[in-house]
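Accompanying notes for the structure given below.
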Amino acid sequence: MFITFEGIDGCGKTTQIKLLAEYLDQKGIKNVMLREPGGVKISEEIRTLLLDAHEKIEPITELMLFSAARAQLVETLLKPKLAAGISVLCDRFYDSTTAYQGFGRGLDVAMIDNINKAATGGLEPDLTIFLDISVAESKNRTCRQIADRIEQSGDNFFERVRAGFIALSEKYPNRVKRINVEGEDVESVRNQIVVVVNKYLCEHANA
Ligand code: TYD
């Protein structure tokens with residue numbers, strides 16, 4: 001299984017990935033957690049460049065850097081794990097590029113679709129958990145941290161990014177599952193994710 005987690009900054013992905021990893025461990029399903037951008041040396045170095053709040057990066061450069069980081073991760077770590085029968089839980093994947101660089105920065109989404117395919121060699125997640133939260137609530141959750149370059153992009157940017165994720169969940173309803181996290185506690189979100197994953201496992205038990 002290849003499961004990705006998506007949503008605007010502060011939606012609680014990192015906590016929920018860990019909880020799902022524990023759940024899969026209990027079920028005896030081997031898994032690893034990866035994050036984007038990152039996971040391998042080259043991609044972690046690109047991540048440092050991308051998040052540096054002192055740099056001004058052009059939208060097209062940003063797109064290429066996120067995609068380059070992804071290509072390296074996919075070929076050198078993600079595909080080998082899947083080939084070895086290990087499930088991968090990834091904190092963000094190409095839907096973030098569509099939402100942030102496409103809807104957020106305003107780059108052409110059809111072009112991004114092509115770049116996403118090239119960067120992943122056509123690899124698609126089996127399931128994408130989209131944790132949906134309002135921009136106001138996400139700001140409350142992240143306000144105590146120092147904002148990185150992307151987090152400094154402003155409320156209108158994040159409204160567009162959120163709209164992008166919602167559009168993706170409507171375009172790919174079988175893959176992208178929208179889970180409302182606004183006002184929900186960690187346990188209730190975790191339980192909703194477990195239901196989605198178990199449904200997927202049941203439907204693909206004989207595949
Ligand atoms: P990170 O600190 O991992 O944020 P989060 O914990 O919210 O995932 O930083 C990743 C940032 O990069 C985040 O603001 C989303 C952004 N991003 C893009 O803009 N495009 C992408 O393709 C990816 C993978 C991430």
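Residue numbers start at 1 in each chain; chains themselves are named A, B, ... in the order of the structure tokens; ligands are numbered from 1 in the order shown.
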Residues up to 10 Å from ligand 1, counting only C-alpha atoms and all ligand atoms: could you list those as number ranges by chain?
-> A: 5-15, 35-38, 47-48, 50-51, 59, 62-70, 90-102, 104-105, 116, 138, 142, 147-153, 158, 161
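Near region 174-183 of chain A, within 9 Å and counting only C-alpha atoms, sit A:Cys11, A:Gly12, A:Pro125, A:Asp126, A:Leu127, A:Thr128, A:Ile129, A:Phe130, A:Leu131, A:Asp132, A:Ile133, A:Ser134, A:Glu137, A:Ser138, A:Phe165, A:Ile166, A:Leu168, A:Val189, A:Gln192, A:Ile193, A:Val196, not including residues fewer than 6 positions from it in the same chain.
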Residue list (alpha helix (DSSP H), DSSP) for region 48-119 of chain A, as a PyMOL selection string = chain A and resi 48-51+59-73+79-83+94-96+109-119
Test item: residues at most 9 Å from Glu75 (chain A), only C-alpha atoms, excluding those fewer than 4 positions along its chain, as number ranges by chain | A: 70-71, 79-80, 120-121
